[in-house]
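Peer 1: Handing you a structure now.
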Amino acid sequence: MRTITLAVCLATFASACNYSHIGPSITTFNRGTPPVGDAAIEAQSGPLVLKISRHLDTVVRGPDPEEDQLLVLTVRNFRPGQKLKIPSESVTPEFTVTRFEPGSRGDSFVGYLIVRKVTPDKVDASLQLDVTARNASGSYTQTAKFHGNYSFVYRAPDKDAP
């Protein structure tokens, strides 16, 4: 009986050490010019920019116990329901991780995006994306997964952004 109890305790401890918690995602989009009343989103100029930001708490994995992740997808020339490979001419991805120690940048992207519906104040999309990111020295590599259906709410473009 003692052996079973010890095995259960060790298994619980081992799984806790690899524990990570991803906080709720904040999903926003913009498209160059703000929507006006009931104007169609297609009348707006510029690419569709989808942003997913989330906070990650880890116990052991990674150089720090906490990090903030930001995925930005710039989408051009698409039709609702069309499956778009990432990366491609239609979808340009950027991924950054900010933490206390040196951050990481995405350098490998594998997946796809399907923009389901676009309205002036919301974009519904399905995303299946695996990102490999490395810090500047290459000493730390991580994989981030973005899988599921997302609803992006309108947010005006940052005036200070390049």
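Convention: chains lettered A, B, ... in structure tokens order; per-chain residue numbering from 1; ligands numbered from 1 as shown.
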Excluding region 106-109 of chain A and its own-chain neighbours fewer than 3 positions away, which residues fall within 6 Å of it when counting only C-alpha atoms? Please give them as a PyMOL selection string.

Peer 2: chain A and resi 95+130-133

Peer 1: When you look at region 78-90 of chain A with a cut-off of 7 Å (counting only C-alpha atoms), what residues show up, excluding the ones that are within fewer than 3 positions of it in the same chain? I need them as a PyMOL selection string.

Peer 2: chain A and resi 75+93+109-117

Peer 1: In terms of the shortest atom-to-atom distance over only C-alpha atoms, which of A:Val91, A:Leu73, A:Ile26, A:Ala144 is closest to Ser104 (chain A)?

Peer 2: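 Using only C-alpha atoms, the shortest distance to Ser104 (chain A) belongs to A:Ala144.
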
Peer 1: Quick one: distance from CA of Val118 (chain A) to CA of Arg31 (chain A) in Å, one decimal?

Peer 2: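 Separating CA of Val118 (chain A) from CA of Arg31 (chain A) is a distance of 11.1 Å.
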
Peer 1: Find the residue from A:Thr74, A:Ser53, A:Gln69, A:Thr119 that sits nearest to Val153 (chain A); use only C-alpha atoms when measuring.

Peer 2: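 Once distances to Val153 (chain A) are computed over only C-alpha atoms, the minimum belongs to A:Thr119.
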
Peer 1: Could you check how far CA of Thr92 (chain A) sits from CA of Asp121 (chain A), in Å to one decimal?

Peer 2: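 Those two atoms sit 22.1 Å apart.
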
Peer 1: Work out how far CA of Gly138 (chain A) is from CA of Gly103 (chain A), in Å to one decimal.

Peer 2: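 If I compute the distance from CA of Gly103 (chain A) to CA of Gly138 (chain A), I get 10.9 Å.
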
Peer 1: Which one is closest to Thr141 (chain A): A:Asp57, A:Val49, A:Pro102, A:Asn30? Count only C-alpha atoms.

Peer 2: A:Pro102

Peer 1: So which one's closest to Gln128 (chain A), A:Thr98, A:Asn77, A:Asn149, A:Thr27? Using only C-alpha atoms, please.

Peer 2: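 So, comparing all the options, the nearest one is A:Asn149.
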
Peer 1: I'd like the neighbourhood of Tyr150 (chain A) as an mmCIF file with C-alpha atoms, in the first residue's frame, where a residue qualifies if any of its atoms comes within 8 Å (using only C-alpha atoms), though same-chain residues fewer than 2 positions away should be ignored.

Peer 2:
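selection-v7.cif was written with the following content:
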data_model
loop_
_atom_site.group_PDB
_atom_site.id
_atom_site.type_symbol
_atom_site.label_atom_id
_atom_site.label_comp_id
_atom_site.auth_asym_id
_atom_site.auth_seq_id
_atom_site.Cartn_x
_atom_site.Cartn_y
_atom_site.Cartn_z
ATOM 1 C CA THR A 27 -8.033 38.796 -29.383
ATOM 2 C CA ASP A 124 -14.467 34.932 -36.445
ATOM 3 C CA ALA A 125 -11.645 32.597 -37.459
ATOM 4 C CA SER A 126 -10.313 29.082 -36.993
ATOM 5 C CA LEU A 127 -6.606 28.755 -36.349
ATOM 6 C CA GLY A 148 -9.181 26.541 -32.008
ATOM 7 C CA PHE A 152 -11.429 39.011 -32.681
#
